[in-house]
2 protein chains.
Amino acid sequence: MVTTGLTGAFAPVVTPFAADGSPDTTRFIAHARWLVAQGAGLAPFGTNSEANSLTLAERRALLEALVAAGIPPAKLLPGTGACSAGEAAELSRHAVELGCAGVLMLPPFFYKGISDEGLYAWYADVIARVGDARLKVYLYHIPALSGVPITHGVIARLLKDFPGTVVGIKDSSGDWDNLAAMLERFPELEIFPASESFISRTRPLGARGCISATVNINPARISQLVQAWSSAEGPALQAEVDQLRKIVQGFPMIAALKEVIAKDLDDPAWQRVRPPLTGLSAEQSSALHAALQAIDFKLA
Amino acid sequence: MVTTGLTGAFAPVVTPFAADGSPDTTRFIAHARWLVAQGAGLAPFGTNSEANSLTLAERRALLEALVAAGIPPAKLLPGTGACSAGEAAELSRHAVELGCAGVLMLPPFFYKGISDEGLYAWYADVIARVGDARLKVYLYHIPALSGVPITHGVIARLLKDFPGTVVGIKDSSGDWDNLAAMLERFPELEIFPASESFISRTRPLGARGCISATVNINPARISQLVQAWSSAEGPALQAEVDQLRKIVQGFPMIAALKEVIAKDLDDPAWQRVRPPLTGLSAEQSSALHAALQAIDFKLA
């Protein structure tokens, strides 16, 4: 198994908002610190962070706040995707300069039916604009939201032309066949499934862990599973994290994560989401808490 | 028929790029001036402008360049959409301050399965952030690319709550039923189909003209049709503009428009597109020019 690069459970850190709608830096840092203390890595500005509802300036300021608060940059894999190569490069350069372990990069997600040639050229353009050998790009494959799949042809070409720069991928397709095919074809690629449910199946094949929404509320057990999947307690641990995952993904994910945190901290401010998302209805909220209570779930 | 607001054929102005990939302001202004001289209005930073491949700073600079070059702001309907309400508001405020007739605003296009409540709240948030009574919002319905349809429920609520601010819509769905239903239900809404092919059918029902890709290469005739659809020459004019439209939409639209301009001006610089788009292949280019030659087409 390859031993360089990243391993672990990463949380696409949810972003709290103040009453006026601005990012709540204090709560953001507190949550990030707790996640790291529980053993997780941080992938702020992912889908579950409402990254695309933040301005570039807000994303930069929040990342700087994390580093200033003492979060080790080696634990940081911020999302730096944007539709324009110029803005993706600006965010990526900023992350590199802060010493982040890598960046998680969406494809440009407005135009659809993009050719492999065009998608390759876009990533190549961003890499050239960053122009820094320290850049480590983790591709972000999430076709259901981006509408732009990152094909194996594009991955192969990027790995060949940018060795040591394009190093990994987060696969949010939920498609086992895609995951298995990438693990087989690209042994040098650091592959992170987007759900902890794949850990025991993919770790023996070389996957690095996961970058998963639910790491926001279950960081210790998921981080433990990434390390201990092959131990005697592995199967029970997998079943346990699967049980929580299954409950939470029955609800709108981002609102559900924030609801769980708000309830546990007795802090309703955590419920806020930015439009176009909406919070859980009272019914959804009750159903979520009842299901969690039934499995005796608590934030660690 | 309502007589306030905008009427006419608007071009989502294609954006030329220099050899280093930066926006080519000189060619952009020249093209914009030509379009206005031919009778068209300008909707820069639309889908066909590669707006989402431009940075916010590039969009602001290009809009300022148009106004500085003497393009009347009353002719300008710039696209100011962005996934984040903060950035959509920043671009919209900038356009208002420059005196633009209105702004064309995409919905936030990353998250999918957005509720009416969430989409309404997002537009309301942008309007509040701009905080300027001069703002005139034209909604931009383009579900095939945005993945976020603007439903009639959302339109109705925005018209009720923001009268005089939410004033129009560009409908790029290509769906006649949607167009007909909106024309019937929202007589106060300034409706612009995204193709000149709908002009003769929708003008008698109250549509204002069109905001169409091909206005970039056929501004005079399409502008003429918007005014003269009911005259004796209307049917022949409609057939003529339809013929060109049909040819061009058989190719990747943005690359095809740029290819036509490059050929006519004998200026290959116009062929450049930004990744993730790609130019026409040699075969596509030959086929396009052959088809245009067969109808004896020339830029006016």
# chains A, B, ... in the order shown; residues from 1 in each chain; ligands from 1

call {"tool": "residues_around", "arguments": {"residues": "A:Pro149", "least_positions_apart": "6", "cutoff": "9 Å", "atoms": "only C-alpha atoms", "output": "MDAnalysis selection string"}}
result
chainID A and resid 107 114 141:143 173

call {"tool": "calpha_fit_and_write", "arguments": {"fixed": "chain B", "moving": "chain A", "output": "mmCIF file with C-alpha atoms, in the first residue's frame"}}
result
data_model
loop_
_atom_site.group_PDB
_atom_site.id
_atom_site.type_symbol
_atom_site.label_atom_id
_atom_site.label_comp_id
_atom_site.auth_asym_id
_atom_site.auth_seq_id
_atom_site.Cartn_x
_atom_site.Cartn_y
_atom_site.Cartn_z
ATOM 1 C CA MET A 1 -49.656 45.653 -24.760
ATOM 2 C CA VAL A 2 -47.474 46.945 -21.957
ATOM 3 C CA THR A 3 -45.150 49.662 -23.201
ATOM 4 C CA THR A 4 -42.764 50.193 -20.309
ATOM 5 C CA GLY A 5 -39.591 48.219 -19.877
ATOM 6 C CA LEU A 6 -37.405 46.617 -22.509
ATOM 7 C CA THR A 7 -38.202 45.502 -26.028
ATOM 8 C CA GLY A 8 -35.920 44.217 -28.746
ATOM 9 C CA ALA A 9 -33.370 41.641 -29.725
ATOM 10 C CA PHE A 10 -30.563 41.273 -27.217
ATOM 11 C CA ALA A 11 -27.235 39.564 -27.866
ATOM 12 C CA PRO A 12 -25.557 37.562 -25.114
ATOM 13 C CA VAL A 13 -22.329 39.159 -26.282
ATOM 14 C CA VAL A 14 -19.607 36.620 -27.046
ATOM 15 C CA THR A 15 -16.342 37.315 -25.220
ATOM 16 C CA PRO A 16 -13.120 37.359 -27.259
ATOM 17 C CA PHE A 17 -9.864 36.255 -25.633
ATOM 18 C CA ALA A 18 -6.284 37.327 -26.215
ATOM 19 C CA ALA A 19 -3.487 34.833 -26.883
ATOM 20 C CA ASP A 20 -2.686 34.703 -23.154
ATOM 21 C CA GLY A 21 -6.310 33.806 -22.345
ATOM 22 C CA SER A 22 -7.269 37.172 -20.905
ATOM 23 C CA PRO A 23 -10.430 38.936 -22.137
ATOM 24 C CA ASP A 24 -9.735 40.975 -25.252
ATOM 25 C CA THR A 25 -11.333 44.284 -24.397
ATOM 26 C CA THR A 26 -10.646 45.935 -27.741
ATOM 27 C CA ARG A 27 -12.382 43.268 -29.805
ATOM 28 C CA PHE A 28 -15.160 43.040 -27.206
ATOM 29 C CA ILE A 29 -15.950 46.733 -27.524
ATOM 30 C CA ALA A 30 -15.763 46.639 -31.319
ATOM 31 C CA HIS A 31 -18.256 43.765 -31.427
ATOM 32 C CA ALA A 32 -20.560 45.475 -28.925
ATOM 33 C CA ARG A 33 -20.526 48.714 -30.913
ATOM 34 C CA TRP A 34 -21.349 46.870 -34.111
ATOM 35 C CA LEU A 35 -24.268 45.058 -32.449
ATOM 36 C CA VAL A 36 -25.733 48.321 -31.140
ATOM 37 C CA ALA A 37 -25.256 50.017 -34.518
ATOM 38 C CA GLN A 38 -27.241 47.147 -36.054
ATOM 39 C CA GLY A 39 -30.117 47.817 -33.690
ATOM 40 C CA ALA A 40 -29.555 45.151 -31.032
ATOM 41 C CA GLY A 41 -29.430 45.426 -27.276
ATOM 42 C CA LEU A 42 -26.647 43.801 -25.290
ATOM 43 C CA ALA A 43 -26.878 41.076 -22.679
ATOM 44 C CA PRO A 44 -23.178 40.595 -21.919
ATOM 45 C CA PHE A 45 -22.135 37.854 -19.478
ATOM 46 C CA GLY A 46 -24.769 35.386 -20.554
ATOM 47 C CA THR A 47 -24.254 31.691 -21.198
ATOM 48 C CA ASN A 48 -22.937 32.425 -24.680
ATOM 49 C CA SER A 49 -20.538 35.007 -23.248
ATOM 50 C CA GLU A 50 -18.761 32.268 -21.260
ATOM 51 C CA ALA A 51 -19.680 34.397 -18.256
ATOM 52 C CA ASN A 52 -19.137 31.612 -15.778
ATOM 53 C CA SER A 53 -15.613 31.121 -17.114
ATOM 54 C CA LEU A 54 -14.819 34.747 -16.249
ATOM 55 C CA THR A 55 -13.804 35.983 -12.818
ATOM 56 C CA LEU A 56 -15.942 38.587 -11.078
ATOM 57 C CA ALA A 57 -13.166 41.095 -11.589
ATOM 58 C CA GLU A 58 -13.095 40.380 -15.332
ATOM 59 C CA ARG A 59 -16.870 40.789 -15.600
ATOM 60 C CA ARG A 60 -16.760 44.105 -13.770
ATOM 61 C CA ALA A 61 -13.870 45.413 -15.859
ATOM 62 C CA LEU A 62 -15.494 44.439 -19.170
ATOM 63 C CA LEU A 63 -18.792 46.098 -18.219
ATOM 64 C CA GLU A 64 -16.997 49.260 -17.208
ATOM 65 C CA ALA A 65 -15.136 49.179 -20.530
ATOM 66 C CA LEU A 66 -18.410 49.001 -22.471
ATOM 67 C CA VAL A 67 -19.835 52.007 -20.682
ATOM 68 C CA ALA A 68 -16.557 53.923 -20.979
ATOM 69 C CA ALA A 69 -16.608 53.176 -24.714
ATOM 70 C CA GLY A 70 -19.927 54.966 -25.026
ATOM 71 C CA ILE A 71 -22.353 52.031 -25.180
ATOM 72 C CA PRO A 72 -25.573 53.498 -23.768
ATOM 73 C CA PRO A 73 -26.279 51.806 -20.395
ATOM 74 C CA ALA A 74 -29.960 51.748 -21.390
ATOM 75 C CA LYS A 75 -28.968 49.119 -23.979
ATOM 76 C CA LEU A 76 -27.269 46.919 -21.365
ATOM 77 C CA LEU A 77 -28.765 43.906 -19.616
ATOM 78 C CA PRO A 78 -25.692 42.212 -18.127
ATOM 79 C CA GLY A 79 -25.768 38.771 -16.575
ATOM 80 C CA THR A 80 -25.029 39.051 -12.867
ATOM 81 C CA GLY A 81 -25.737 35.520 -11.715
ATOM 82 C CA ALA A 82 -23.453 33.675 -9.314
ATOM 83 C CA CYS A 83 -23.941 30.753 -6.957
ATOM 84 C CA SER A 84 -23.478 32.946 -3.906
ATOM 85 C CA ALA A 85 -26.024 35.661 -3.155
ATOM 86 C CA GLY A 86 -23.168 37.904 -2.063
ATOM 87 C CA GLU A 87 -21.457 37.781 -5.435
ATOM 88 C CA ALA A 88 -24.695 38.039 -7.434
ATOM 89 C CA ALA A 89 -25.471 41.144 -5.360
ATOM 90 C CA GLU A 90 -22.012 42.611 -5.889
ATOM 91 C CA LEU A 91 -22.292 42.268 -9.670
ATOM 92 C CA SER A 92 -25.879 43.545 -9.694
ATOM 93 C CA ARG A 93 -25.066 46.603 -7.598
ATOM 94 C CA HIS A 94 -22.183 47.368 -9.925
ATOM 95 C CA ALA A 95 -24.507 47.165 -12.958
ATOM 96 C CA VAL A 96 -27.097 49.387 -11.282
ATOM 97 C CA GLU A 97 -24.446 51.958 -10.435
ATOM 98 C CA LEU A 98 -23.346 52.006 -14.076
ATOM 99 C CA GLY A 99 -26.942 52.757 -15.078
ATOM 100 C CA CYS A 100 -27.702 49.471 -16.839
ATOM 101 C CA ALA A 101 -31.311 48.913 -17.892
ATOM 102 C CA GLY A 102 -31.518 45.727 -15.871
ATOM 103 C CA VAL A 103 -29.667 42.589 -14.867
ATOM 104 C CA LEU A 104 -30.189 39.024 -16.029
ATOM 105 C CA MET A 105 -29.900 36.718 -13.046
ATOM 106 C CA LEU A 106 -29.306 32.979 -13.005
ATOM 107 C CA PRO A 107 -30.571 31.023 -10.026
ATOM 108 C CA PRO A 108 -27.813 29.616 -7.783
ATOM 109 C CA PHE A 109 -26.822 26.609 -9.869
ATOM 110 C CA PHE A 110 -24.752 24.239 -7.747
ATOM 111 C CA TYR A 111 -27.288 22.630 -5.424
ATOM 112 C CA LYS A 112 -30.045 20.654 -7.131
ATOM 113 C CA GLY A 113 -33.570 19.764 -6.027
ATOM 114 C CA ILE A 114 -33.970 23.272 -4.614
ATOM 115 C CA SER A 115 -37.386 24.067 -3.097
ATOM 116 C CA ASP A 116 -39.510 27.000 -4.252
ATOM 117 C CA GLU A 117 -39.100 28.439 -0.768
ATOM 118 C CA GLY A 118 -35.311 28.256 -0.974
ATOM 119 C CA LEU A 119 -35.102 29.723 -4.460
ATOM 120 C CA TYR A 120 -37.439 32.570 -3.541
ATOM 121 C CA ALA A 121 -35.377 33.272 -0.424
ATOM 122 C CA TRP A 122 -32.166 33.367 -2.470
ATOM 123 C CA TYR A 123 -33.508 35.981 -4.899
ATOM 124 C CA ALA A 124 -34.983 37.949 -1.998
ATOM 125 C CA ASP A 125 -31.595 37.865 -0.296
ATOM 126 C CA VAL A 126 -29.821 39.204 -3.391
ATOM 127 C CA ILE A 127 -32.387 42.001 -3.780
ATOM 128 C CA ALA A 128 -31.994 42.971 -0.136
ATOM 129 C CA ARG A 129 -28.205 42.946 -0.408
ATOM 130 C CA VAL A 130 -28.309 45.233 -3.470
ATOM 131 C CA GLY A 131 -30.712 47.523 -1.619
ATOM 132 C CA ASP A 132 -31.295 49.874 -4.544
ATOM 133 C CA ALA A 133 -34.726 50.808 -5.931
ATOM 134 C CA ARG A 134 -33.198 51.200 -9.402
ATOM 135 C CA LEU A 135 -32.537 47.448 -9.611
ATOM 136 C CA LYS A 136 -34.505 45.674 -12.372
ATOM 137 C CA VAL A 137 -34.146 41.903 -12.243
ATOM 138 C CA TYR A 138 -34.745 39.670 -15.249
ATOM 139 C CA LEU A 139 -34.820 36.051 -14.101
ATOM 140 C CA TYR A 140 -32.837 33.579 -16.166
ATOM 141 C CA HIS A 141 -34.596 30.243 -16.666
ATOM 142 C CA ILE A 142 -32.180 27.773 -18.249
ATOM 143 C CA PRO A 143 -32.828 24.443 -16.531
ATOM 144 C CA ALA A 144 -30.670 22.362 -18.898
ATOM 145 C CA LEU A 145 -27.532 24.125 -17.650
ATOM 146 C CA SER A 146 -28.489 25.514 -14.243
ATOM 147 C CA GLY A 147 -30.307 22.385 -13.109
ATOM 148 C CA VAL A 148 -32.549 24.739 -11.118
ATOM 149 C CA PRO A 149 -35.826 25.585 -12.856
ATOM 150 C CA ILE A 150 -37.497 28.865 -11.947
ATOM 151 C CA THR A 151 -41.036 27.698 -11.290
ATOM 152 C CA HIS A 152 -44.181 29.730 -11.831
ATOM 153 C CA GLY A 153 -44.745 29.619 -8.084
ATOM 154 C CA VAL A 154 -41.433 31.379 -7.489
ATOM 155 C CA ILE A 155 -42.129 33.912 -10.253
ATOM 156 C CA ALA A 156 -45.577 34.722 -8.829
ATOM 157 C CA ARG A 157 -44.201 35.279 -5.350
ATOM 158 C CA LEU A 158 -41.324 37.457 -6.541
ATOM 159 C CA LEU A 159 -43.645 39.588 -8.689
ATOM 160 C CA LYS A 160 -45.952 40.054 -5.746
ATOM 161 C CA ASP A 161 -43.271 40.881 -3.187
ATOM 162 C CA PHE A 162 -40.908 42.869 -5.430
ATOM 163 C CA PRO A 163 -43.090 44.754 -7.926
ATOM 164 C CA GLY A 164 -40.998 47.022 -10.127
ATOM 165 C CA THR A 165 -37.832 45.170 -9.116
ATOM 166 C CA VAL A 166 -38.456 41.688 -10.490
ATOM 167 C CA VAL A 167 -39.704 42.676 -13.926
ATOM 168 C CA GLY A 168 -38.842 40.045 -16.512
ATOM 169 C CA ILE A 169 -37.520 36.648 -17.492
ATOM 170 C CA LYS A 170 -35.404 35.058 -20.180
ATOM 171 C CA ASP A 171 -36.766 31.617 -20.961
ATOM 172 C CA SER A 172 -34.066 29.332 -22.350
ATOM 173 C CA SER A 173 -36.033 26.169 -21.721
ATOM 174 C CA GLY A 174 -37.043 25.935 -25.365
ATOM 175 C CA ASP A 175 -40.350 24.669 -23.989
ATOM 176 C CA TRP A 176 -43.288 26.242 -25.791
ATOM 177 C CA ASP A 177 -45.743 25.193 -23.085
ATOM 178 C CA ASN A 178 -43.740 27.017 -20.433
ATOM 179 C CA LEU A 179 -43.527 30.132 -22.567
ATOM 180 C CA ALA A 180 -47.243 30.099 -23.377
ATOM 181 C CA ALA A 181 -48.196 29.501 -19.753
ATOM 182 C CA MET A 182 -46.026 32.402 -18.529
ATOM 183 C CA LEU A 183 -47.374 34.758 -21.195
ATOM 184 C CA GLU A 184 -50.901 33.862 -20.083
ATOM 185 C CA ARG A 185 -50.359 33.970 -16.338
ATOM 186 C CA PHE A 186 -47.953 36.919 -15.971
ATOM 187 C CA PRO A 187 -48.993 39.751 -18.322
ATOM 188 C CA GLU A 188 -46.863 42.216 -16.340
ATOM 189 C CA LEU A 189 -43.701 40.142 -16.804
ATOM 190 C CA GLU A 190 -41.311 41.168 -19.601
ATOM 191 C CA ILE A 191 -40.760 37.828 -21.289
ATOM 192 C CA PHE A 192 -37.837 37.185 -23.619
ATOM 193 C CA PRO A 193 -37.636 33.795 -25.326
ATOM 194 C CA ALA A 194 -34.068 32.633 -25.919
ATOM 195 C CA SER A 195 -34.551 32.114 -29.632
ATOM 196 C CA GLU A 196 -35.712 34.364 -32.472
ATOM 197 C CA SER A 197 -37.710 31.379 -33.718
ATOM 198 C CA PHE A 198 -40.400 32.272 -31.186
ATOM 199 C CA ILE A 199 -40.767 35.937 -32.169
ATOM 200 C CA SER A 200 -43.789 35.775 -34.464
ATOM 201 C CA ARG A 201 -45.597 33.361 -32.166
ATOM 202 C CA THR A 202 -44.936 35.206 -28.927
ATOM 203 C CA ARG A 203 -44.965 38.912 -29.856
ATOM 204 C CA PRO A 204 -48.789 38.892 -30.334
ATOM 205 C CA LEU A 205 -49.025 37.326 -26.859
ATOM 206 C CA GLY A 206 -46.937 40.085 -25.303
ATOM 207 C CA ALA A 207 -43.350 38.825 -25.448
ATOM 208 C CA ARG A 208 -40.755 41.583 -25.689
ATOM 209 C CA GLY A 209 -38.428 40.193 -28.337
ATOM 210 C CA CYS A 210 -35.644 37.744 -27.665
ATOM 211 C CA ILE A 211 -32.284 37.314 -25.971
ATOM 212 C CA SER A 212 -30.658 34.938 -28.387
ATOM 213 C CA ALA A 213 -27.160 33.620 -29.116
ATOM 214 C CA THR A 214 -27.528 34.199 -32.847
ATOM 215 C CA VAL A 215 -28.213 37.915 -32.380
ATOM 216 C CA ASN A 216 -24.397 38.004 -32.156
ATOM 217 C CA ILE A 217 -24.206 37.298 -35.895
ATOM 218 C CA ASN A 218 -27.641 38.363 -37.154
ATOM 219 C CA PRO A 219 -28.526 41.492 -35.162
ATOM 220 C CA ALA A 220 -30.172 43.629 -37.846
ATOM 221 C CA ARG A 221 -32.652 41.107 -39.217
ATOM 222 C CA ILE A 222 -33.661 39.763 -35.800
ATOM 223 C CA SER A 223 -34.105 43.299 -34.444
ATOM 224 C CA GLN A 224 -36.201 44.125 -37.492
ATOM 225 C CA LEU A 225 -38.387 41.061 -36.931
ATOM 226 C CA VAL A 226 -39.074 42.050 -33.321
ATOM 227 C CA GLN A 227 -40.629 45.269 -34.655
ATOM 228 C CA ALA A 228 -42.071 44.072 -37.962
ATOM 229 C CA TRP A 229 -43.424 40.627 -37.124
ATOM 230 C CA SER A 230 -47.011 41.677 -37.919
ATOM 231 C CA SER A 231 -46.163 43.483 -41.158
ATOM 232 C CA ALA A 232 -46.437 42.020 -44.637
ATOM 233 C CA GLU A 233 -42.786 41.098 -44.649
ATOM 234 C CA GLY A 234 -43.012 39.405 -41.216
ATOM 235 C CA PRO A 235 -43.428 35.789 -42.369
ATOM 236 C CA ALA A 236 -40.540 35.952 -44.841
ATOM 237 C CA LEU A 237 -38.313 37.593 -42.261
ATOM 238 C CA GLN A 238 -39.183 34.933 -39.687
ATOM 239 C CA ALA A 239 -38.361 32.193 -42.177
ATOM 240 C CA GLU A 240 -35.076 33.863 -42.995
ATOM 241 C CA VAL A 241 -33.843 34.201 -39.421
ATOM 242 C CA ASP A 242 -35.050 30.680 -38.659
ATOM 243 C CA GLN A 243 -32.922 29.323 -41.479
ATOM 244 C CA LEU A 244 -29.716 30.771 -40.034
ATOM 245 C CA ARG A 245 -30.620 29.762 -36.508
ATOM 246 C CA LYS A 246 -31.231 26.185 -37.588
ATOM 247 C CA ILE A 247 -27.805 25.941 -39.193
ATOM 248 C CA VAL A 248 -25.865 27.424 -36.300
ATOM 249 C CA GLN A 249 -27.584 25.432 -33.569
ATOM 250 C CA GLY A 250 -26.413 22.268 -35.294
ATOM 251 C CA PHE A 251 -22.949 23.067 -33.897
ATOM 252 C CA PRO A 252 -21.574 23.807 -30.424
ATOM 253 C CA MET A 253 -23.109 27.273 -30.199
ATOM 254 C CA ILE A 254 -20.399 29.434 -28.637
ATOM 255 C CA ALA A 255 -17.563 28.053 -30.747
ATOM 256 C CA ALA A 256 -19.764 28.350 -33.846
ATOM 257 C CA LEU A 257 -20.602 32.014 -33.221
ATOM 258 C CA LYS A 258 -16.927 32.837 -32.731
ATOM 259 C CA GLU A 259 -15.987 30.883 -35.850
ATOM 260 C CA VAL A 260 -18.493 32.869 -37.935
ATOM 261 C CA ILE A 261 -17.136 36.172 -36.619
ATOM 262 C CA ALA A 262 -13.511 35.064 -37.076
ATOM 263 C CA LYS A 263 -14.170 34.084 -40.681
ATOM 264 C CA ASP A 264 -16.099 37.215 -41.567
ATOM 265 C CA LEU A 265 -13.506 39.535 -40.027
ATOM 266 C CA ASP A 266 -10.639 37.347 -41.234
ATOM 267 C CA ASP A 267 -9.459 37.417 -37.638
ATOM 268 C CA PRO A 268 -8.589 33.961 -36.206
ATOM 269 C CA ALA A 269 -8.150 35.478 -32.733
ATOM 270 C CA TRP A 270 -11.946 35.403 -32.504
ATOM 271 C CA GLN A 271 -11.901 31.585 -32.517
ATOM 272 C CA ARG A 272 -10.552 31.319 -28.991
ATOM 273 C CA VAL A 273 -12.801 29.905 -26.272
ATOM 274 C CA ARG A 274 -11.906 29.335 -22.651
ATOM 275 C CA PRO A 275 -11.726 25.844 -21.187
ATOM 276 C CA PRO A 276 -13.795 23.807 -20.469
ATOM 277 C CA LEU A 277 -15.149 24.695 -23.913
ATOM 278 C CA THR A 278 -13.243 23.728 -27.021
ATOM 279 C CA GLY A 279 -13.206 25.224 -30.514
ATOM 280 C CA LEU A 280 -14.827 23.597 -33.526
ATOM 281 C CA SER A 281 -12.954 20.765 -35.192
ATOM 282 C CA ALA A 282 -11.733 21.375 -38.731
ATOM 283 C CA GLU A 283 -14.598 19.218 -39.972
ATOM 284 C CA GLN A 284 -17.196 21.135 -37.988
ATOM 285 C CA SER A 285 -15.764 24.413 -39.166
ATOM 286 C CA SER A 286 -15.876 23.369 -42.829
ATOM 287 C CA ALA A 287 -19.419 22.063 -42.498
ATOM 288 C CA LEU A 288 -20.562 25.284 -40.814
ATOM 289 C CA HIS A 289 -19.048 27.541 -43.450
ATOM 290 C CA ALA A 290 -20.396 25.389 -46.282
ATOM 291 C CA ALA A 291 -23.903 25.577 -44.843
ATOM 292 C CA LEU A 292 -23.656 29.339 -44.414
ATOM 293 C CA GLN A 293 -22.309 29.803 -47.905
ATOM 294 C CA ALA A 294 -25.238 27.805 -49.266
ATOM 295 C CA ILE A 295 -27.627 30.429 -47.892
ATOM 296 C CA ASP A 296 -25.290 33.236 -48.937
ATOM 297 C CA PHE A 297 -24.876 34.412 -45.343
ATOM 298 C CA LYS A 298 -22.640 37.325 -44.430
ATOM 299 C CA LEU A 299 -22.388 39.479 -41.308
ATOM 300 C CA ALA A 300 -24.172 42.685 -42.271
#

call {"tool": "select_by_dssp", "arguments": {"residues": "stretch 111-241 of chain A", "states": "alpha helix (DSSP H)", "output": "PyMOL selection string"}}
result
chain A and resi 116-130+143-146+152-161+176-185+199-202+219-228+234-241

call {"tool": "decode", "arguments": {"residues": "stretch 190-227 of chain B", "atoms": "C-alpha atoms", "output": "PDB file, in the first residue's frame"}}
result
ATOM      1  CA  GLU B 190     -41.300  41.173 -19.586  1.00  0.00           C
ATOM      2  CA  ILE B 191     -40.750  37.819 -21.278  1.00  0.00           C
ATOM      3  CA  PHE B 192     -37.842  37.185 -23.613  1.00  0.00           C
ATOM      4  CA  PRO B 193     -37.639  33.791 -25.323  1.00  0.00           C
ATOM      5  CA  ALA B 194     -34.072  32.627 -25.916  1.00  0.00           C
ATOM      6  CA  SER B 195     -34.561  32.112 -29.622  1.00  0.00           C
ATOM      7  CA  GLU B 196     -35.707  34.353 -32.448  1.00  0.00           C
ATOM      8  CA  SER B 197     -37.706  31.386 -33.703  1.00  0.00           C
ATOM      9  CA  PHE B 198     -40.417  32.269 -31.185  1.00  0.00           C
ATOM     10  CA  ILE B 199     -40.763  35.935 -32.170  1.00  0.00           C
ATOM     11  CA  SER B 200     -43.788  35.776 -34.470  1.00  0.00           C
ATOM     12  CA  ARG B 201     -45.606  33.355 -32.163  1.00  0.00           C
ATOM     13  CA  THR B 202     -44.935  35.205 -28.922  1.00  0.00           C
ATOM     14  CA  ARG B 203     -44.978  38.902 -29.841  1.00  0.00           C
ATOM     15  CA  PRO B 204     -48.783  38.892 -30.323  1.00  0.00           C
ATOM     16  CA  LEU B 205     -49.033  37.325 -26.857  1.00  0.00           C
ATOM     17  CA  GLY B 206     -46.937  40.094 -25.293  1.00  0.00           C
ATOM     18  CA  ALA B 207     -43.349  38.820 -25.432  1.00  0.00           C
ATOM     19  CA  ARG B 208     -40.754  41.588 -25.678  1.00  0.00           C
ATOM     20  CA  GLY B 209     -38.417  40.190 -28.327  1.00  0.00           C
ATOM     21  CA  CYS B 210     -35.628  37.732 -27.653  1.00  0.00           C
ATOM     22  CA  ILE B 211     -32.278  37.305 -25.962  1.00  0.00           C
ATOM     23  CA  SER B 212     -30.662  34.940 -28.386  1.00  0.00           C
ATOM     24  CA  ALA B 213     -27.170  33.621 -29.115  1.00  0.00           C
ATOM     25  CA  THR B 214     -27.529  34.202 -32.834  1.00  0.00           C
ATOM     26  CA  VAL B 215     -28.215  37.910 -32.377  1.00  0.00           C
ATOM     27  CA  ASN B 216     -24.393  38.006 -32.162  1.00  0.00           C
ATOM     28  CA  ILE B 217     -24.218  37.305 -35.900  1.00  0.00           C
ATOM     29  CA  ASN B 218     -27.651  38.375 -37.158  1.00  0.00           C
ATOM     30  CA  PRO B 219     -28.537  41.489 -35.167  1.00  0.00           C
ATOM     31  CA  ALA B 220     -30.172  43.635 -37.841  1.00  0.00           C
ATOM     32  CA  ARG B 221     -32.651  41.108 -39.195  1.00  0.00           C
ATOM     33  CA  ILE B 222     -33.666  39.763 -35.799  1.00  0.00           C
ATOM     34  CA  SER B 223     -34.116  43.293 -34.442  1.00  0.00           C
ATOM     35  CA  GLN B 224     -36.195  44.115 -37.485  1.00  0.00           C
ATOM     36  CA  LEU B 225     -38.386  41.058 -36.932  1.00  0.00           C
ATOM     37  CA  VAL B 226     -39.076  42.038 -33.312  1.00  0.00           C
ATOM     38  CA  GLN B 227     -40.635  45.264 -34.664  1.00  0.00           C
TER      39      GLN B 227
END
